[in-house]
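> Provided herewith is a single structure, encoded as structure tokens, for subsequent inquiry.
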Amino acid sequence: MKGALPPVTQSRIIGLSAGYLGLQITFGIESASLSRVYQGFGAGVEDLALLWLAGPVSGLLVQPVIGRLSDRSWTRFGRRRPWLLGSGAIATAALTGIAFAPSLVWAIAMIWLLEISMNALNAPYRALVGDTLPEQQHGRGFAMQTVFIGVGAFLGALVPKALSVAGMPNVVAEGATPVSVRLAFLAAATCLAISVVGTVLKVREYSKEDYARFGICLTDQQVDEREAGRTSADWLVNLLAYRRIAAMQFFAWAALYLLWVYATPVVAQGAFAAMSVEDPRYGDGADWVGVMFATYNGVAGLFAFILPRLFERFGVSRVHSTNLLAGSFGFAGVALAGTPLLLLVCAGLIGIAYASMLSAPFVMASRIARQGEAGGAIGLMNVFIVVPQLVMGLGMGAVVRMFPAGNPSGTLLIAGAFCCLAAVIAATGARRSAI
């Protein structure tokens, strides 16, 4: 008879997921402020997409490696906790280094270190759900992580604006990061350190002996044999089965990457009429981007509650297509909006699309995956998310150089077109299948 882990209380599930709050506060602050940091040190708009590659590159390489290593790390302190503590310490140091960066080269180095360590944190955090919760509670565990992801990203994106309202200077001095942004990164370092230490102290990991007592057999040999049985042909067949999801995800995540990279210069120059990064209106525009990012994360978190019912009633592909179409108007609208209020409306539309991007493709993939192949499907979905960001990072700089007078607003019009194309692909699937 197959063994099972004992069920745990709701408070323990919350404690298991609370670490994501610090991680996502960090991501919220970073995503709202990174272009601002780069431009403050003299980076051009045409360089931003390339400079943002630290996230997708480290996500593609680090998470699978750290996940695999932590699977095999049986220590007296647990499997995941040593990785959490080490990665958390490095991430905290990197955030502090960004806050006091003296040059563009230093900032780039610290951001790469931050992205590597944050991805090294993410893999063990995710794995803790499978390690410590019985299968029937996995849904609740991942859902609770999603709640903290949304709340953390919402709070983090608001921090620079809140500090500015509190009187902290938000204007870029020559070759320096604004005081409000420096304090935001220090706040991120504090929140991240607290959340990691709290997880390490509170979470109880099971030992090999515990698993044996529960009737669960864990052997690395089983994993190795399963992987050895795969051939390149198996992976190709798997990839072809997901080709529509891959195309859909490519254009949707390419659009989102363009928003992260270019929202700050687009909003500062467009809705706030900033003439340069030293212009006080640039700081106001950059702060408002944080409010926008908080808005789309907040809307995504709320909209996610009603998505399951919409999927059941209208079909996953049809609902996803509609949501992506709403997002396409949001992305393009950011480039055209002339007032802060309209920007928030656009952010809300993007939030609807974002909620769907985080759920609908995974539902589609789970229905395609063969029994027992869910893990491989999730890994493949991560590739579909990272690759479009890599392509945009490597290629968009050349496109921006063709824009007149360095105006980057065209990047978000392209993002709108990409998201619309993703909606068309999803709609095509709705006509061909019931999902």
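Note on naming: chains are A, B, ... as they come in the structure tokens, residues start from 1 per chain, ligands start from 1 in the order shown.
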Which neighbours of Ile66 in chain A fall inside 12 Å, counting only C-alpha atoms, when residues of the same chain fewer than 6 positions from it are skipped, and could you give them as a PDB file with C-alpha atoms, in the first residue's frame?


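In the end it all went to result.pdb:
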ATOM      1  CA  SER A  58      19.087  32.676 -13.925  1.00  0.00           C
ATOM      2  CA  GLY A  59      15.534  31.327 -13.827  1.00  0.00           C
ATOM      3  CA  LEU A  60      16.279  28.961 -16.683  1.00  0.00           C
ATOM      4  CA  ARG A  72      19.594  15.077  -2.646  1.00  0.00           C
ATOM      5  CA  SER A  73      20.707  17.209   0.320  1.00  0.00           C
ATOM      6  CA  ARG A  79      16.895  19.183   2.787  1.00  0.00           C
ATOM      7  CA  ARG A  80      15.656  22.654   1.874  1.00  0.00           C
ATOM      8  CA  PRO A  82      20.271  25.014   4.304  1.00  0.00           C
ATOM      9  CA  TRP A  83      19.618  26.202   0.737  1.00  0.00           C
ATOM     10  CA  LEU A  84      17.038  28.707   1.941  1.00  0.00           C
ATOM     11  CA  GLY A  86      22.393  30.357   2.263  1.00  0.00           C
ATOM     12  CA  SER A  87      20.480  31.805  -0.680  1.00  0.00           C
ATOM     13  CA  ILE A 116      20.613  33.974  -8.951  1.00  0.00           C
ATOM     14  CA  SER A 117      19.972  33.855  -5.211  1.00  0.00           C
ATOM     15  CA  MET A 118      16.233  34.599  -5.558  1.00  0.00           C
ATOM     16  CA  ASN A 119      15.827  31.754  -8.036  1.00  0.00           C
ATOM     17  CA  ALA A 120      17.812  29.545  -5.678  1.00  0.00           C
ATOM     18  CA  LEU A 121      15.291  30.489  -2.981  1.00  0.00           C
ATOM     19  CA  ASN A 122      12.254  29.855  -5.155  1.00  0.00           C
ATOM     20  CA  ALA A 123      13.011  26.200  -5.940  1.00  0.00           C
ATOM     21  CA  PRO A 124      13.267  25.017  -2.283  1.00  0.00           C
ATOM     22  CA  TYR A 125      10.229  27.107  -1.296  1.00  0.00           C
ATOM     23  CA  ARG A 126       8.132  25.373  -3.951  1.00  0.00           C
ATOM     24  CA  ALA A 127       9.518  21.956  -3.015  1.00  0.00           C
TER      25      ALA A 127
END

> Show me, as a count of residues only, the residues that have an atom within 12 Å of Ser11 in chain A when counting only C-alpha atoms, minus same-chain residues fewer than 4 positions from it.

10

> Please list as a VMD selection string every residue within 9 Å of range 345-347 of chain A, counting only C-alpha atoms and excluding residues in the same chain fewer than 6 positions away.

chain A and resid 292 to 297 299 327 329 to 334 337

> Take the residues just selected and output them with all heavy atoms as a compact mmCIF listing (two decimals), in the first residue's frame.


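Saved the output as out_18.txt:
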# COMPACT_ATOMS: atom_id res chain seq x y z
N MET A 292 1.13 51.33 -10.51
CA MET A 292 0.55 50.52 -11.58
C MET A 292 0.83 49.04 -11.38
O MET A 292 -0.06 48.19 -11.51
CB MET A 292 1.13 50.94 -12.93
CG MET A 292 0.60 52.23 -13.51
SD MET A 292 1.53 52.65 -15.00
CE MET A 292 1.40 51.12 -15.94
N PHE A 293 2.08 48.72 -11.05
CA PHE A 293 2.45 47.32 -10.86
C PHE A 293 1.71 46.73 -9.66
O PHE A 293 1.30 45.56 -9.68
CB PHE A 293 3.95 47.19 -10.68
CG PHE A 293 4.73 47.29 -11.98
CD1 PHE A 293 4.15 47.79 -13.13
CD2 PHE A 293 6.06 46.89 -12.04
CE1 PHE A 293 4.86 47.89 -14.31
CE2 PHE A 293 6.78 46.97 -13.23
CZ PHE A 293 6.17 47.47 -14.37
N ALA A 294 1.54 47.53 -8.61
CA ALA A 294 0.76 47.07 -7.47
C ALA A 294 -0.68 46.80 -7.89
O ALA A 294 -1.31 45.82 -7.47
CB ALA A 294 0.80 48.10 -6.34
N THR A 295 -1.20 47.67 -8.76
CA THR A 295 -2.59 47.53 -9.22
C THR A 295 -2.78 46.25 -10.01
O THR A 295 -3.72 45.48 -9.77
CB THR A 295 -2.99 48.74 -10.08
OG1 THR A 295 -2.89 49.93 -9.29
CG2 THR A 295 -4.42 48.59 -10.59
N TYR A 296 -1.88 45.99 -10.97
CA TYR A 296 -2.10 44.79 -11.78
C TYR A 296 -1.89 43.52 -10.96
O TYR A 296 -2.58 42.51 -11.18
CB TYR A 296 -1.28 44.82 -13.06
CG TYR A 296 0.11 44.23 -13.07
CD1 TYR A 296 0.33 42.86 -12.98
CD2 TYR A 296 1.23 45.05 -13.26
CE1 TYR A 296 1.60 42.32 -13.03
CE2 TYR A 296 2.51 44.52 -13.32
CZ TYR A 296 2.69 43.16 -13.19
OH TYR A 296 3.96 42.63 -13.24
N ASN A 297 -0.99 43.55 -9.98
CA ASN A 297 -0.84 42.38 -9.11
C ASN A 297 -2.06 42.20 -8.22
O ASN A 297 -2.51 41.07 -7.98
CB ASN A 297 0.43 42.52 -8.26
CG ASN A 297 1.67 42.09 -8.99
OD1 ASN A 297 1.88 40.91 -9.27
ND2 ASN A 297 2.53 43.05 -9.34
N VAL A 299 -5.19 43.25 -8.84
CA VAL A 299 -6.31 42.80 -9.67
C VAL A 299 -6.14 41.32 -10.02
O VAL A 299 -7.12 40.54 -9.99
CB VAL A 299 -6.41 43.64 -10.95
CG1 VAL A 299 -7.39 43.03 -11.95
CG2 VAL A 299 -6.85 45.07 -10.61
N GLY A 327 -5.88 42.22 -21.82
CA GLY A 327 -4.51 42.62 -21.54
C GLY A 327 -3.85 43.36 -22.68
O GLY A 327 -3.07 44.29 -22.47
N PHE A 329 -5.24 45.43 -24.75
CA PHE A 329 -5.66 46.83 -24.65
C PHE A 329 -4.92 47.54 -23.52
O PHE A 329 -4.59 48.72 -23.62
CB PHE A 329 -7.17 46.92 -24.44
CG PHE A 329 -7.98 46.61 -25.67
CD1 PHE A 329 -8.71 45.44 -25.75
CD2 PHE A 329 -8.01 47.48 -26.75
CE1 PHE A 329 -9.46 45.13 -26.89
CE2 PHE A 329 -8.74 47.19 -27.89
CZ PHE A 329 -9.48 46.02 -27.96
N GLY A 330 -4.67 46.81 -22.44
CA GLY A 330 -3.95 47.39 -21.32
C GLY A 330 -2.52 47.75 -21.67
O GLY A 330 -2.04 48.86 -21.38
N PHE A 331 -1.81 46.82 -22.31
CA PHE A 331 -0.41 47.09 -22.69
C PHE A 331 -0.32 48.28 -23.64
O PHE A 331 0.48 49.20 -23.44
CB PHE A 331 0.20 45.86 -23.36
CG PHE A 331 0.51 44.73 -22.42
CD1 PHE A 331 -0.13 43.50 -22.54
CD2 PHE A 331 1.44 44.88 -21.41
CE1 PHE A 331 0.15 42.46 -21.68
CE2 PHE A 331 1.74 43.84 -20.54
CZ PHE A 331 1.08 42.63 -20.67
N ALA A 332 -1.13 48.27 -24.69
CA ALA A 332 -1.11 49.37 -25.65
C ALA A 332 -1.56 50.67 -25.00
O ALA A 332 -1.04 51.75 -25.31
CB ALA A 332 -1.99 49.03 -26.85
N GLY A 333 -2.53 50.57 -24.09
CA GLY A 333 -3.03 51.76 -23.42
C GLY A 333 -1.99 52.48 -22.60
O GLY A 333 -2.01 53.71 -22.48
N VAL A 334 -1.07 51.73 -21.98
CA VAL A 334 0.00 52.37 -21.20
C VAL A 334 0.82 53.29 -22.09
O VAL A 334 1.26 54.37 -21.66
CB VAL A 334 0.89 51.30 -20.54
CG1 VAL A 334 2.10 51.96 -19.86
CG2 VAL A 334 0.10 50.49 -19.52
N ALA A 337 -1.84 56.36 -22.83
CA ALA A 337 -2.57 57.06 -21.75
C ALA A 337 -1.88 58.37 -21.40
O ALA A 337 -0.65 58.44 -21.28
CB ALA A 337 -2.67 56.17 -20.52

> Show which residues sit within 10 Å of Ser409 in chain A, as a list in words. Count only C-alpha atoms, and ignore same-chain residues fewer than 4 positions away.

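Answer for this query is Tyr262, Ala263, Pro265, Val266, Val267, Gln269, Gly270, Ala332, Val334, Ala335, Leu336, Val400, Phe403, Leu413 and Ile414 of chain A.
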
> Tell me, as number ranges by chain, which residues lie within 8 Å of Tyr206 in chain A, counting only C-alpha atoms; anything in the same chain fewer than 3 positions away does not count.

A: 78, 131-132, 209-211

> Store the residues picked out above in a file with N, CA, C and O atoms, as a PDB file, in the first residue's frame.


ATOM      1  N   GLY A  78      17.879  19.442   7.571  1.00  0.00           N
ATOM      2  CA  GLY A  78      16.831  19.322   6.572  1.00  0.00           C
ATOM      3  C   GLY A  78      17.384  19.366   5.161  1.00  0.00           C
ATOM      4  O   GLY A  78      18.588  19.566   4.938  1.00  0.00           O
ATOM      5  N   ASP A 131       7.192  18.249  -0.041  1.00  0.00           N
ATOM      6  CA  ASP A 131       7.932  17.540   1.000  1.00  0.00           C
ATOM      7  C   ASP A 131       7.121  17.318   2.264  1.00  0.00           C
ATOM      8  O   ASP A 131       7.273  16.292   2.944  1.00  0.00           O
ATOM      9  N   THR A 132       6.293  18.280   2.622  1.00  0.00           N
ATOM     10  CA  THR A 132       5.705  18.279   3.962  1.00  0.00           C
ATOM     11  C   THR A 132       4.187  18.160   4.003  1.00  0.00           C
ATOM     12  O   THR A 132       3.623  17.984   5.089  1.00  0.00           O
ATOM     13  N   GLU A 209      14.100   8.753   7.724  1.00  0.00           N
ATOM     14  CA  GLU A 209      13.463   7.835   8.669  1.00  0.00           C
ATOM     15  C   GLU A 209      11.973   8.159   8.824  1.00  0.00           C
ATOM     16  O   GLU A 209      11.134   7.251   8.937  1.00  0.00           O
ATOM     17  N   ASP A 210      11.647   9.459   8.822  1.00  0.00           N
ATOM     18  CA  ASP A 210      10.237   9.860   8.918  1.00  0.00           C
ATOM     19  C   ASP A 210       9.449   9.349   7.716  1.00  0.00           C
ATOM     20  O   ASP A 210       8.347   8.805   7.865  1.00  0.00           O
ATOM     21  N   TYR A 211      10.029   9.528   6.520  1.00  0.00           N
ATOM     22  CA  TYR A 211       9.341   9.058   5.312  1.00  0.00           C
ATOM     23  C   TYR A 211       9.133   7.544   5.361  1.00  0.00           C
ATOM     24  O   TYR A 211       8.079   7.027   4.962  1.00  0.00           O
TER      25      TYR A 211
END

> Have a look at A:Tyr282, A:Phe27, A:Phe214, A:Phe311 and name the one nearest to Pro6 in chain A; count only C-alpha atoms.

A:Phe214

> So, counting only C-alpha atoms, which residue among A:Leu192, A:Ala426, A:Ile350, A:Val151 is closest to Leu412 in chain A?

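For Leu412 in chain A, the nearest of the given residues is A:Ile350.
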
> Measure the distance from CA of Trp106 in chain A to CA of Pro56 in chain A in Å and round it to one decimal.

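Atom-to-atom, CA of Trp106 in chain A to CA of Pro56 in chain A, that is 19.7 Å.
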
> Which of these residues is nearest to Ser33 in chain A, using only C-alpha atoms: A:Trp288, A:Phe303, A:Tyr20, A:Phe250?

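Counting only C-alpha atoms, the residue closest to Ser33 in chain A is A:Trp288.
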
> Ranking A:Ala212, A:Ala93, A:Ala427, A:Ala49 by minimum distance to Val319 in chain A and counting only C-alpha atoms, which one comes first?

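Closest to Val319 in chain A, using only C-alpha atoms: A:Ala427.
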
> Figure out the distance between CA of Gly19 in chain A and CA of Trp52 in chain A, please, to one decimal in Å.

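Result for CA of Trp52 in chain A versus CA of Gly19 in chain A: 24.7 Å, one decimal.
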
> CA of Leu344 in chain A and CA of Thr264 in chain A are how many Å apart?

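So the answer is 14.0 Å.
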
> Among range 183-399 of chain A, which residues carry a DSSP assignment of helix (DSSP H, G or I), reported as a VMD selection string?

chain A and resid 183 to 202 208 to 213 220 to 228 232 to 241 243 to 269 280 to 303 307 to 314 316 to 336 340 to 357 360 to 368 374 to 399
